[in-house]
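Structure below is entry11.csv: CSV, C-alpha atoms.
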```
chain,number,residue,atom,x,y,z
A,1051,MET,CA,177.7,-79.7,-133.1
A,1052,LEU,CA,174.8,-81.4,-131.3
A,1053,PRO,CA,172.9,-79.3,-128.8
A,1054,GLN,CA,174.1,-79.9,-125.2
A,1055,SER,CA,172.0,-80.6,-122.2
A,1056,ARG,CA,172.7,-82.2,-118.8
A,1057,PHE,CA,169.4,-84.1,-119.4
A,1058,ALA,CA,170.9,-85.9,-122.4
A,1059,PRO,CA,174.5,-87.0,-121.7
A,1060,LEU,CA,176.3,-88.9,-124.5
A,1061,PRO,CA,177.7,-92.3,-123.8
A,1062,PRO,CA,181.5,-92.5,-123.5
A,1063,PHE,CA,181.9,-94.3,-126.9
A,1064,ALA,CA,180.0,-91.5,-128.8
A,1065,LYS,CA,182.0,-88.4,-129.8
A,1066,PRO,CA,180.5,-85.3,-131.3
A,1067,VAL,CA,182.0,-84.4,-134.7
A,1068,GLY,CA,181.2,-81.9,-137.4
A,1069,GLY,CA,179.5,-82.6,-140.7
A,1070,GLY,CA,175.9,-83.0,-139.6
A,1071,LEU,CA,173.9,-85.2,-142.0
A,1072,THR,CA,176.9,-85.6,-144.3
A,1073,SER,CA,179.2,-87.0,-141.6
A,1074,PRO,CA,178.2,-90.6,-142.3
A,1075,LYS,CA,179.6,-91.9,-145.6
A,1076,GLY,CA,177.5,-91.8,-148.8
A,1077,PHE,CA,175.1,-89.0,-148.0
A,1078,LYS,CA,174.7,-85.7,-149.8
A,1079,VAL,CA,172.4,-82.8,-149.0
A,1080,ALA,CA,171.4,-79.3,-150.2
A,1081,GLY,CA,169.5,-76.3,-149.0
A,1082,VAL,CA,168.4,-73.5,-151.3
A,1083,ALA,CA,166.1,-70.5,-151.5
A,1084,SER,CA,163.0,-71.1,-153.5
A,1085,GLY,CA,161.2,-67.9,-152.7
A,1086,VAL,CA,158.6,-69.3,-150.3
A,1087,LYS,CA,160.3,-67.5,-147.4
A,1088,ARG,CA,161.0,-63.8,-147.7
A,1089,LYS,CA,164.3,-62.1,-148.1
A,1090,GLY,CA,166.0,-64.9,-149.9
A,1091,LYS,CA,166.1,-67.2,-146.9
A,1092,LEU,CA,166.9,-70.9,-147.4
A,1093,ASP,CA,163.6,-72.8,-147.5
A,1094,LEU,CA,163.9,-76.0,-149.6
A,1095,ALA,CA,166.2,-78.9,-148.7
A,1096,MET,CA,167.0,-82.2,-150.2
A,1097,LEU,CA,168.8,-85.3,-148.9
A,1098,LEU,CA,170.1,-88.3,-150.9
A,1099,SER,CA,171.8,-91.5,-150.0
A,1100,GLU,CA,174.1,-92.3,-152.9
A,1101,ARG,CA,173.5,-96.0,-152.4
A,1102,PRO,CA,170.4,-98.0,-151.5
A,1103,ALA,CA,169.5,-97.7,-147.9
A,1104,VAL,CA,167.2,-99.1,-145.2
A,1105,SER,CA,165.0,-96.5,-143.7
A,1106,ALA,CA,162.4,-96.0,-140.9
A,1107,ALA,CA,159.8,-93.3,-140.3
A,1108,THR,CA,157.4,-92.0,-137.7
A,1109,PHE,CA,154.6,-89.6,-138.3
A,1110,THR,CA,152.1,-87.4,-136.5
A,1111,SER,CA,148.9,-89.2,-135.3
A,1112,ASN,CA,146.9,-86.0,-135.9
A,1113,ALA,CA,143.8,-86.8,-138.0
A,1114,ALA,CA,144.4,-83.6,-139.9
A,1115,ALA,CA,147.8,-84.9,-141.1
A,1116,ALA,CA,149.3,-82.7,-143.9
A,1117,ALA,CA,149.4,-83.8,-147.5
A,1118,PRO,CA,153.1,-84.7,-147.5
A,1119,VAL,CA,152.6,-86.9,-144.4
A,1120,ARG,CA,149.7,-88.7,-145.9
A,1121,LEU,CA,151.5,-89.2,-149.3
A,1122,THR,CA,154.7,-90.5,-147.8
A,1123,ARG,CA,153.1,-92.6,-145.1
A,1124,GLU,CA,150.6,-94.2,-147.5
A,1125,SER,CA,152.4,-94.6,-150.8
A,1126,SER,CA,156.2,-94.3,-150.3
A,1127,ASP,CA,158.3,-97.3,-149.4
A,1128,CYS,CA,159.2,-96.1,-145.9
A,1129,ALA,CA,161.5,-99.1,-145.3
A,1130,HIS,CA,163.7,-98.4,-148.4
A,1131,LEU,CA,163.7,-94.6,-148.8
A,1132,GLN,CA,166.8,-93.1,-150.5
A,1133,ALA,CA,165.9,-89.4,-150.6
A,1134,VAL,CA,163.7,-86.7,-149.1
A,1135,VAL,CA,162.6,-83.3,-150.3
A,1136,VAL,CA,161.6,-80.7,-147.7
A,1137,ASN,CA,160.0,-77.3,-148.0
A,1138,ALA,CA,159.7,-74.7,-145.1
A,1139,GLY,CA,157.3,-71.7,-144.9
A,1140,ASN,CA,154.2,-73.6,-146.0
A,1141,ALA,CA,152.8,-76.8,-144.3
A,1142,ASN,CA,150.7,-77.9,-147.2
A,1143,ALA,CA,148.2,-79.0,-144.6
A,1144,VAL,CA,144.4,-78.9,-144.8
A,1145,THR,CA,144.7,-78.2,-148.5
A,1146,GLY,CA,142.5,-80.9,-149.9
A,1147,LYS,CA,143.0,-82.8,-153.2
A,1148,GLN,CA,145.2,-80.0,-154.5
A,1149,GLY,CA,147.6,-80.3,-151.6
A,1150,LEU,CA,148.0,-84.0,-152.2
A,1151,ALA,CA,148.6,-83.4,-155.9
A,1152,ASP,CA,151.2,-80.8,-155.0
A,1153,ALA,CA,153.0,-83.2,-152.6
A,1154,ALA,CA,152.9,-85.9,-155.3
A,1155,ARG,CA,154.4,-83.4,-157.8
A,1156,MET,CA,157.2,-82.6,-155.4
A,1157,ARG,CA,158.0,-86.3,-155.0
A,1158,LEU,CA,157.8,-87.0,-158.8
A,1159,LEU,CA,160.1,-84.1,-159.7
A,1160,THR,CA,162.6,-85.0,-157.0
A,1161,ALA,CA,162.6,-88.7,-158.1
A,1162,ASN,CA,163.1,-87.7,-161.8
A,1163,HIS,CA,166.0,-85.4,-161.0
A,1164,LEU,CA,167.7,-88.0,-158.8
A,1165,ARG,CA,166.7,-90.9,-161.1
A,1166,LEU,CA,165.0,-92.8,-158.4
A,1167,PRO,CA,161.6,-94.6,-158.2
A,1168,VAL,CA,159.0,-92.3,-156.7
A,1169,GLU,CA,158.4,-94.8,-153.9
A,1170,GLN,CA,162.0,-94.2,-152.6
A,1171,VAL,CA,161.4,-90.5,-152.1
A,1172,ALA,CA,159.7,-88.9,-149.1
A,1173,VAL,CA,158.2,-85.4,-148.9
A,1174,CYS,CA,158.0,-83.2,-145.9
A,1175,SER,CA,156.7,-79.7,-145.4
A,1176,THR,CA,156.5,-77.2,-142.5
A,1177,GLY,CA,155.0,-73.8,-142.0
A,1178,LEU,CA,151.6,-72.1,-142.4
A,1179,ILE,CA,148.5,-74.3,-142.4
A,1180,GLY,CA,145.7,-73.9,-144.9
A,1181,VAL,CA,147.7,-72.3,-147.8
A,1182,HIS,CA,148.4,-73.9,-151.1
A,1183,LEU,CA,152.0,-74.3,-152.1
A,1184,PRO,CA,153.3,-71.8,-154.6
A,1185,MET,CA,154.3,-74.6,-157.0
A,1186,GLU,CA,156.3,-72.5,-159.5
A,1187,LYS,CA,158.7,-71.5,-156.7
A,1188,ILE,CA,158.8,-75.0,-155.3
A,1189,GLU,CA,159.6,-76.6,-158.7
A,1190,ARG,CA,162.4,-74.1,-159.3
A,1191,GLY,CA,163.7,-74.9,-155.8
A,1192,ILE,CA,163.7,-78.6,-156.4
A,1193,ALA,CA,165.6,-78.2,-159.6
A,1194,ALA,CA,168.2,-76.0,-157.8
A,1195,ALA,CA,168.5,-78.3,-154.9
A,1196,ALA,CA,169.0,-81.3,-157.2
A,1197,ALA,CA,171.7,-79.4,-159.1
A,1198,ALA,CA,173.5,-78.6,-155.9
A,1199,LEU,CA,173.5,-82.2,-154.6
A,1200,PRO,CA,176.7,-83.4,-156.4
A,1201,ALA,CA,178.7,-81.0,-154.3
A,1202,GLY,CA,176.6,-81.5,-151.2
A,1203,GLY,CA,178.8,-83.9,-149.3
A,1204,ASP,CA,180.4,-81.4,-146.8
A,1205,ALA,CA,179.6,-79.6,-143.6
A,1206,ALA,CA,178.6,-76.4,-145.3
A,1207,ALA,CA,175.9,-78.2,-147.3
A,1208,ALA,CA,174.7,-79.8,-144.0
A,1209,GLU,CA,174.4,-76.4,-142.4
A,1210,ASP,CA,172.4,-75.2,-145.4
A,1211,PHE,CA,170.0,-78.2,-145.1
A,1212,ALA,CA,169.5,-77.5,-141.4
A,1213,ALA,CA,168.8,-73.8,-142.0
A,1214,ALA,CA,166.4,-74.5,-144.9
A,1215,ILE,CA,164.0,-76.7,-142.8
A,1216,ARG,CA,163.6,-74.1,-140.0
A,1217,THR,CA,160.5,-71.9,-139.5
A,1218,THR,CA,160.3,-69.9,-136.2
A,1219,ASP,CA,163.3,-71.7,-134.7
A,1220,LYS,CA,165.8,-69.4,-133.2
A,1221,HIS,CA,168.7,-71.7,-133.9
A,1222,ALA,CA,169.5,-74.7,-136.1
A,1223,LYS,CA,169.4,-78.2,-134.5
A,1224,THR,CA,172.1,-80.3,-136.1
A,1225,GLY,CA,175.1,-82.4,-135.3
A,1226,ALA,CA,176.9,-85.7,-135.8
A,1227,LEU,CA,178.5,-88.5,-133.8
A,1228,ASP,CA,181.4,-90.9,-134.2
A,1229,VAL,CA,180.2,-94.1,-132.5
A,1230,VAL,CA,183.1,-96.5,-131.6
A,1231,LEU,CA,181.7,-100.0,-131.6
A,1232,PRO,CA,183.6,-103.3,-131.0
A,1233,GLU,CA,183.4,-103.9,-134.8
A,1234,GLY,CA,184.6,-100.4,-135.8
A,1235,THR,CA,183.5,-96.8,-136.0
A,1236,VAL,CA,180.2,-95.8,-137.5
A,1237,LYS,CA,178.7,-92.3,-137.9
A,1238,LEU,CA,175.3,-90.8,-137.1
A,1239,GLY,CA,174.2,-87.4,-138.6
A,1240,PHE,CA,171.2,-85.3,-137.6
A,1241,ALA,CA,169.2,-82.3,-138.5
A,1242,ALA,CA,165.9,-81.2,-136.8
A,1243,LYS,CA,163.5,-78.3,-136.5
A,1244,GLY,CA,160.8,-77.4,-134.1
A,1245,CYS,CA,159.9,-74.9,-131.3
A,1246,GLY,CA,156.1,-74.6,-131.1
A,1247,MET,CA,152.9,-76.7,-131.4
A,1248,ILE,CA,154.9,-79.3,-129.5
A,1249,SER,CA,153.1,-82.4,-127.9
A,1250,PRO,CA,152.2,-85.1,-127.4
A,1251,ASN,CA,153.5,-87.4,-130.0
A,1252,MET,CA,156.5,-85.8,-131.6
A,1253,ALA,CA,155.9,-82.1,-132.2
A,1254,THR,CA,155.7,-79.4,-134.9
A,1255,MET,CA,159.0,-80.9,-135.8
A,1256,LEU,CA,160.9,-82.6,-138.5
A,1257,CYS,CA,164.0,-84.7,-137.8
A,1258,PHE,CA,166.3,-86.4,-140.3
A,1259,VAL,CA,168.9,-89.0,-139.3
A,1260,THR,CA,171.7,-90.6,-141.4
A,1261,CYS,CA,173.8,-93.6,-140.5
A,1262,ASP,CA,176.5,-95.6,-142.3
A,1263,ALA,CA,176.3,-98.8,-140.3
A,1264,VAL,CA,175.4,-102.1,-141.8
A,1265,VAL,CA,172.1,-103.1,-140.2
A,1266,SER,CA,168.9,-104.8,-141.3
A,1267,GLY,CA,165.7,-102.9,-141.9
A,1268,ASP,CA,164.1,-104.4,-138.9
A,1269,GLU,CA,167.0,-103.6,-136.6
A,1270,TRP,CA,167.1,-99.9,-137.8
A,1271,THR,CA,163.4,-99.5,-137.4
A,1272,THR,CA,163.5,-100.9,-133.9
A,1273,LEU,CA,166.4,-98.5,-133.0
A,1274,LEU,CA,164.7,-95.4,-134.4
A,1275,HIS,CA,161.3,-96.1,-133.1
A,1276,LYS,CA,162.6,-96.7,-129.5
A,1277,ALA,CA,164.7,-93.5,-129.7
A,1278,VAL,CA,161.8,-91.4,-130.9
A,1279,ASP,CA,159.6,-92.8,-128.1
A,1280,ARG,CA,162.2,-91.8,-125.5
A,1281,SER,CA,162.8,-88.4,-126.9
A,1282,PHE,CA,160.4,-86.6,-129.2
A,1283,ASN,CA,157.4,-88.4,-127.7
A,1284,ARG,CA,158.4,-87.0,-124.3
A,1285,ILE,CA,158.4,-83.3,-124.9
A,1286,THR,CA,155.8,-80.5,-124.7
A,1287,VAL,CA,155.9,-76.8,-125.3
A,1288,ASP,CA,152.2,-76.0,-125.6
A,1289,GLY,CA,150.3,-79.3,-125.6
A,1290,GLN,CA,149.4,-79.0,-129.3
A,1291,GLU,CA,150.1,-81.7,-131.8
A,1292,SER,CA,151.1,-80.7,-135.3
A,1293,THR,CA,149.8,-81.8,-138.7
A,1294,ASN,CA,153.3,-82.3,-140.1
A,1295,ASP,CA,155.5,-84.1,-137.6
A,1296,THR,CA,157.9,-86.5,-139.3
A,1297,VAL,CA,161.1,-88.3,-138.3
A,1298,LEU,CA,163.0,-90.1,-141.1
A,1299,GLY,CA,166.1,-92.2,-140.6
A,1300,PHE,CA,168.4,-93.5,-143.4
A,1301,CYS,CA,171.0,-96.2,-142.9
A,1302,ASN,CA,173.1,-97.1,-146.0
A,1303,GLY,CA,175.8,-99.4,-144.8
A,1304,ALA,CA,178.6,-97.4,-146.5
A,1305,SER,CA,181.0,-97.8,-143.5
A,1306,SER,CA,181.0,-101.6,-144.1
A,1307,VAL,CA,180.9,-101.9,-140.3
A,1308,GLU,CA,178.3,-104.5,-139.2
A,1309,PRO,CA,177.5,-104.3,-135.5
A,1310,GLY,CA,176.9,-107.5,-133.5
A,1311,GLU,CA,174.5,-107.7,-130.6
A,1312,GLU,CA,176.6,-105.6,-128.3
A,1313,GLY,CA,177.4,-103.0,-131.0
A,1314,LEU,CA,173.8,-102.7,-132.0
A,1315,ALA,CA,172.9,-101.9,-128.4
A,1316,MET,CA,175.6,-99.3,-128.3
A,1317,LEU,CA,174.4,-97.8,-131.6
A,1318,GLY,CA,170.9,-97.6,-130.1
A,1319,GLU,CA,172.2,-95.9,-126.9
A,1320,ALA,CA,174.0,-93.3,-129.0
A,1321,LEU,CA,170.9,-92.7,-131.1
A,1322,ASP,CA,168.8,-92.4,-128.0
A,1323,ALA,CA,171.1,-89.8,-126.5
A,1324,ALA,CA,171.3,-87.7,-129.7
A,1325,LEU,CA,167.6,-87.6,-130.3
A,1326,LEU,CA,167.0,-86.7,-126.7
A,1327,ALA,CA,169.5,-83.8,-127.0
A,1328,LEU,CA,167.6,-82.6,-130.1
A,1329,ALA,CA,164.3,-83.0,-128.3
A,1330,VAL,CA,165.4,-81.0,-125.3
A,1331,SER,CA,166.8,-78.4,-127.7
A,1332,ILE,CA,163.4,-78.1,-129.3
A,1333,VAL,CA,161.9,-77.5,-125.8
A,1334,SER,CA,164.5,-74.9,-124.9
A,1335,ASP,CA,163.8,-73.2,-128.3
A,1336,GLY,CA,160.1,-73.3,-127.5
A,1337,GLU,CA,158.5,-70.1,-128.7
A,1338,GLY,CA,159.4,-67.5,-126.1
A,1339,SER,CA,160.8,-70.2,-123.7
A,1340,THR,CA,163.4,-69.2,-121.1
A,1341,ARG,CA,163.9,-72.5,-119.2
A,1342,THR,CA,163.5,-76.2,-119.6
A,1343,MET,CA,162.1,-78.6,-117.0
A,1344,LYS,CA,162.6,-82.4,-116.8
A,1345,LEU,CA,159.7,-83.9,-114.8
A,1346,THR,CA,159.8,-87.5,-113.5
A,1347,VAL,CA,156.7,-89.0,-112.0
A,1348,THR,CA,157.3,-92.1,-109.8
A,1349,GLY,CA,155.1,-94.4,-107.8
A,1350,ALA,CA,152.1,-94.4,-110.1
A,1351,ARG,CA,149.5,-97.2,-110.1
A,1352,ASP,CA,150.2,-97.9,-113.8
A,1353,GLN,CA,152.0,-96.5,-116.8
A,1354,LYS,CA,148.9,-94.7,-118.0
A,1355,GLY,CA,148.5,-93.0,-114.7
A,1356,ALA,CA,152.2,-91.9,-114.6
A,1357,GLU,CA,151.8,-90.5,-118.1
A,1358,ALA,CA,148.6,-88.7,-117.2
A,1359,VAL,CA,150.1,-87.0,-114.2
A,1360,ALA,CA,153.3,-86.0,-116.1
A,1361,ARG,CA,151.3,-84.5,-119.0
A,1362,ALA,CA,148.9,-82.7,-116.7
A,1363,VAL,CA,151.7,-80.9,-114.9
A,1364,ALA,CA,153.8,-80.3,-118.0
A,1365,ASN,CA,150.9,-78.8,-120.0
A,1366,SER,CA,149.4,-76.7,-117.2
A,1367,PRO,CA,149.5,-73.0,-118.1
A,1368,LEU,CA,149.6,-72.2,-114.4
A,1369,VAL,CA,152.6,-74.4,-113.8
A,1370,LYS,CA,154.4,-73.1,-116.9
A,1371,THR,CA,153.8,-69.4,-116.0
A,1372,ALA,CA,155.1,-70.0,-112.5
A,1373,PHE,CA,158.4,-71.3,-113.9
A,1374,TYR,CA,158.6,-68.2,-116.1
A,1375,GLY,CA,158.1,-66.1,-113.1
A,1376,ARG,CA,160.7,-68.1,-111.2
A,1377,ASP,CA,158.1,-68.9,-108.6
A,1378,ALA,CA,158.3,-72.3,-106.9
A,1379,ASN,CA,154.5,-72.4,-106.6
A,1380,TRP,CA,154.1,-76.1,-105.8
A,1381,GLY,CA,150.3,-75.6,-105.2
A,1382,ARG,CA,149.9,-75.4,-109.0
A,1383,ILE,CA,151.8,-78.7,-109.4
A,1384,MET,CA,149.7,-80.4,-106.7
A,1385,GLN,CA,146.5,-79.1,-108.4
A,1386,ALA,CA,147.5,-80.6,-111.7
A,1387,ILE,CA,148.5,-83.9,-110.1
A,1388,GLY,CA,145.1,-84.1,-108.4
A,1389,GLN,CA,143.2,-83.3,-111.5
A,1390,ALA,CA,145.0,-86.1,-113.4
A,1391,LEU,CA,144.5,-88.6,-110.6
A,1392,GLY,CA,140.9,-87.7,-110.2
A,1393,ARG,CA,140.3,-88.6,-113.8
A,1394,GLU,CA,142.0,-91.9,-113.2
A,1395,GLY,CA,139.5,-92.7,-110.4
A,1396,HIS,CA,141.7,-91.8,-107.4
A,1397,THR,CA,140.0,-90.0,-104.5
A,1398,HIS,CA,143.2,-89.4,-102.6
A,1399,LEU,CA,146.9,-90.2,-103.2
A,1400,PRO,CA,149.5,-88.2,-101.2
A,1401,ALA,CA,152.3,-86.9,-103.3
A,1402,GLY,CA,155.8,-85.6,-102.7
A,1403,ILE,CA,157.3,-82.9,-104.9
A,1404,ALA,CA,161.0,-82.0,-105.2
A,1405,TYR,CA,162.8,-79.3,-107.2
A,1406,GLU,CA,166.2,-80.7,-107.8
A,1407,ASP,CA,167.6,-81.7,-104.4
A,1408,VAL,CA,165.0,-79.6,-102.4
A,1409,VAL,CA,162.0,-81.5,-101.2
A,1410,ILE,CA,159.1,-79.0,-100.8
A,1411,VAL,CA,156.2,-81.4,-100.3
A,1412,GLU,CA,156.2,-84.7,-98.4
A,1413,GLN,CA,153.3,-87.1,-98.4
A,1414,GLY,CA,151.0,-84.3,-99.5
A,1415,HIS,CA,152.2,-81.8,-96.8
A,1416,PRO,CA,154.5,-78.8,-97.1
A,1417,ALA,CA,158.0,-79.5,-96.0
A,1418,GLU,CA,159.8,-77.3,-93.6
A,1419,LEU,CA,162.6,-75.4,-95.3
A,1420,ASP,CA,165.4,-73.8,-93.4
A,1421,GLU,CA,167.2,-70.7,-94.7
A,1422,ALA,CA,169.8,-72.7,-96.6
A,1423,ARG,CA,167.1,-74.7,-98.4
A,1424,LYS,CA,165.2,-71.5,-99.3
A,1425,VAL,CA,168.4,-70.0,-100.8
A,1426,ARG,CA,169.0,-73.2,-102.7
A,1427,LEU,CA,165.4,-73.2,-104.0
A,1428,HIS,CA,165.9,-69.6,-105.2
A,1429,GLU,CA,169.0,-70.7,-107.1
A,1430,ILE,CA,167.2,-73.6,-108.7
A,1431,MET,CA,164.4,-71.4,-110.0
A,1432,HIS,CA,166.9,-69.3,-111.9
A,1433,GLN,CA,168.6,-72.2,-113.6
A,1434,PRO,CA,168.0,-72.7,-117.4
A,1435,GLU,CA,167.3,-76.4,-116.8
A,1436,ILE,CA,165.4,-77.6,-113.7
A,1437,ASP,CA,164.9,-81.3,-112.7
A,1438,LEU,CA,161.6,-82.0,-111.0
A,1439,THR,CA,160.3,-85.1,-109.3
A,1440,VAL,CA,156.7,-86.0,-108.3
A,1441,ALA,CA,156.6,-89.0,-106.1
A,1442,LEU,CA,153.2,-90.7,-105.8
A,1443,ASN,CA,152.4,-93.3,-103.1
A,1444,GLY,CA,151.8,-96.1,-105.5
A,1445,PRO,CA,153.3,-99.3,-106.8
A,1446,GLY,CA,156.1,-97.8,-108.8
A,1447,LYS,CA,155.3,-97.0,-112.4
A,1448,GLU,CA,157.0,-93.9,-113.7
A,1449,ALA,CA,157.1,-91.5,-116.7
A,1450,THR,CA,159.3,-88.6,-117.7
A,1451,VAL,CA,158.5,-85.5,-119.8
A,1452,TYR,CA,160.4,-82.4,-120.8
A,1453,PHE,CA,158.6,-79.1,-120.9
A,1454,SER,CA,159.1,-75.3,-121.3
A,1455,ASP,CA,157.8,-72.3,-119.4
A,1456,LEU,CA,155.1,-70.1,-120.9
A,1457,THR,CA,156.0,-66.4,-121.5
A,1458,HIS,CA,154.7,-63.2,-122.9
A,1459,ALA,CA,156.8,-63.8,-126.0
A,1460,TYR,CA,154.8,-67.0,-126.8
A,1461,VAL,CA,151.6,-65.1,-126.9
A,1462,THR,CA,153.0,-62.3,-129.0
A,1463,LEU,CA,154.6,-64.6,-131.5
A,1464,ASN,CA,151.5,-66.8,-132.0
A,1465,ALA,CA,149.2,-63.8,-132.1
A,1466,GLU,CA,151.2,-62.5,-135.0
A,1467,TYR,CA,151.7,-65.8,-136.8
A,1468,SER,CA,148.8,-65.9,-139.2
A,1469,THR,CA,147.6,-67.7,-142.2
```
Please express what this file holds, its structure, as structure tokens.
Amino acid sequence: MLPQSRFAPLPPFAKPVGGGLTSPKGFKVAGVASGVKRKGKLDLAMLLSERPAVSAATFTSNAAAAAPVRLTRESSDCAHLQAVVVNAGNANAVTGKQGLADAARMRLLTANHLRLPVEQVAVCSTGLIGVHLPMEKIERGIAAAAAALPAGGDAAAAEDFAAAIRTTDKHAKTGALDVVLPEGTVKLGFAAKGCGMISPNMATMLCFVTCDAVVSGDEWTTLLHKAVDRSFNRITVDGQESTNDTVLGFCNGASSVEPGEEGLAMLGEALDAALLALAVSIVSDGEGSTRTMKLTVTGARDQKGAEAVARAVANSPLVKTAFYGRDANWGRIMQAIGQALGREGHTHLPAGIAYEDVVIVEQGHPAELDEARKVRLHEIMHQPEIDLTVALNGPGKEATVYFSDLTHAYVTLNAEYST
């Protein structure tokens, strides 16, 4: 089932169901152990639409983009993809010409096994940077995954796929929705991974979406890109942007339900909510994370300024460690606000700060808190999800980001995670 968060409520016409990526009609998946990960863990996944599909993709903007990102982005037909092969445990990033050749080999082998043109196959990788793929293991894994696909149309296969794409994730991020439209019911399926190196555009994350509605390529691209912008582009764990971020969405029309204008808007609303739920789950699974914050900045002079303030607060180690310590240290938030505004040319702009329903700063001055409000603030700081508002005294532009706290466990995990 999809991860749940009060920050990502589903619309009433979207119902969580089982089946993950295989819930929509006409999709099969597999997850196998190729040997890249230790102890026989699943580490290679494959997805196939059994019929031609329209597709959409978004990728990292990192200039050190990994070989599979570069290959897929530059030479696959990202508007008509029908399959994807994914390996975990090795990012195939910063691996030069050999890395590109290995990614191309992964794509070619998958295309041959599935009898598809290479341009209709995408390649994704996640894991350690700067290490060449162990291609003998990968090639055996591709053959095993392709052999498992004919039986890969059920929930168990979807769970295997979701497990095979994980790295340091504590839990799988998967689910599916029945979306009841005026024209009939269509299905959406999801699988994602990610928990560290998260920000600012997507994250160290992969996400795969399946859908069986009848929509045009332009319509599907618009829906997916908007949903990504409102979800994966709004999260941060550590302010670091990965080399491998990829979101791929496949829509194959197998339901024969063609949404009209209203139905298309409803499908987009369901997709928005589901991707936001997955994005918040990535933040809550942030390496060592213990709580998730939603930060909304209002009253900014322009959109750029709103974004700058939101990112400055969300990425501040001082702010993040305060939340880990359950300390409502608003001075750290005010410092980050001022730093961002100073860079935008402001010399003074009074701000208000609220933790949930408790206003603790008004027009740049501390608010008086009675005993009841102090008790309420203490309760808020111990919640797993905390809603914050920063109100600037400006024209009204706003931005929202979701971020995690920063803990001892983050330092320990990343100190031991080595190439």
Wanna dump the stretch 1104-1147 of chain A-stretch 1287-1307 of chain A contacts at 6 Å for me, each residue with its shortest atom pair and the distance in Å to one decimal, counting only C-alpha atoms, ordered by chain and number, as CSV?
```
residue,atom,partner,partner_atom,distance
A:Val1104,CA,A:Cys1301,CA,5.3
A:Ser1105,CA,A:Phe1300,CA,4.5
A:Ala1106,CA,A:Gly1299,CA,5.3
A:Ala1107,CA,A:Leu1298,CA,4.6
A:Thr1108,CA,A:Val1297,CA,5.3
A:Phe1109,CA,A:Thr1296,CA,4.6
A:Thr1110,CA,A:Asp1295,CA,4.9
A:Asn1112,CA,A:Thr1293,CA,5.8
A:Ala1114,CA,A:Thr1293,CA,5.8
A:Ala1115,CA,A:Thr1293,CA,4.4
A:Ala1116,CA,A:Thr1293,CA,5.3
```
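Atom CA of A:Ala1153 lies 25.4 Å from atom CA of A:Thr1072.
Between atom CA of A:Lys1091 and atom CA of A:Arg1190 there is a distance of 14.7 Å.
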Exercise for the section: Would you list the residues near (153.9, -81.7, -107.8), meaning any protein, DNA or RNA residue with an atom at most 8 Å from that point in file coordinates, counting only C-alpha atoms, as a PyMOL selection string? Expected result: chain A and resi 1363+1380-1387+1401-1404+1411+1439-1441
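For the set A:Ala1172, A:Met1185, A:Leu1159, A:Ile1179, the residue with the smallest atom-to-atom gap to A:Leu1131 is A:Ala1172, counting only C-alpha atoms.
Near stretch 1144-1152 of chain A, within a cut-off of 7 Å and counting only C-alpha atoms, sit the residues Ala1114, Ala1116, Ala1117, Pro1118, Leu1121, Arg1155, Met1156, Ile1179, Gly1180, Val1181 and His1182 of chain A, with same-chain residues fewer than 3 positions away left out.
Of note, atom CA of A:Asp1228 and atom CA of A:Val1135 are spaced 25.9 Å apart.
For the residues A:Ala1143, A:Ile1285, A:Ala1242, A:Ile1410, ranking by smallest atom-to-atom distance to A:Val1333 using all atoms listed in the file places A:Ile1285 first.
Distances from A:Glu1311, A:Glu1100, A:Glu1186, A:Glu1233 to A:Gly1203 were compared using all atoms listed in the file, and the smallest one belongs to A:Glu1100.
Residue nearest A:Ala1212 within the list A:Ala1350, A:Leu1273, A:Leu1325, A:Cys1257: A:Cys1257 [criterion: smallest interatomic distance, all atoms listed in the file].
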Practice task
Fewer than 5 positions away in the same chain doesn't count, so skip those; otherwise give me all residues within 6 Å of A:Asn1137, counting only C-alpha atoms, as a ChimeraX atom specification.
Solution key: /A:1093-1094,1175
Handout entry: For A:Thr1457: contacts at 8 Å, only C-alpha atoms, fewer than 6 positions along chain excluded, given as a list in words
Key = Gly1338, Ser1339, Thr1340, Thr1371 and Tyr1374 of chain A
Produce a file of the selected residues containing C-alpha atoms, as a PDB file, in the coordinates of the input.
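For reference, part_25.pdb as written:
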```pdb
ATOM      1  CA  GLY A1338     159.400 -67.500-126.100  1.00  0.00           C
ATOM      2  CA  SER A1339     160.800 -70.200-123.700  1.00  0.00           C
ATOM      3  CA  THR A1340     163.400 -69.200-121.100  1.00  0.00           C
ATOM      4  CA  THR A1371     153.800 -69.400-116.000  1.00  0.00           C
ATOM      5  CA  TYR A1374     158.600 -68.200-116.100  1.00  0.00           C
TER       6      TYR A1374
END
```
Practice task
Find the residues around A:His1221 up to 9 Å (only C-alpha atoms counted), leave out those fewer than 6 positions away in its own chain, and share them as a ChimeraX atom specification.
Solution key: /A:1213,1243,1335
Write out, as a PDB file, in the coordinates of the input, the residues just selected, with C-alpha atoms.
```
ATOM      1  CA  ALA A1213     168.800 -73.800-142.000  1.00  0.00           C
ATOM      2  CA  LYS A1243     163.500 -78.300-136.500  1.00  0.00           C
ATOM      3  CA  ASP A1335     163.800 -73.200-128.300  1.00  0.00           C
TER       4      ASP A1335
END
```
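Shortest separation to A:Gly1069 among A:Ala1206, A:Ala1372, A:Leu1098, A:Leu1391 occurs at residue A:Ala1206, atoms counted being only C-alpha atoms.
For the choices A:Asp1377, A:Asp1455, A:Asp1407, A:Glu1412, the atom-to-atom distance to A:His1428 is smallest for A:Asp1377 when using only C-alpha atoms.
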Practice task
Within 9 Å of A:Arg1361, counting all atoms listed in the file, which residues show up once you throw out same-chain ones fewer than 6 positions away? Write them as a PyMOL selection string, please.
Solution key: chain A and resi 1250+1286+1289+1390+1451
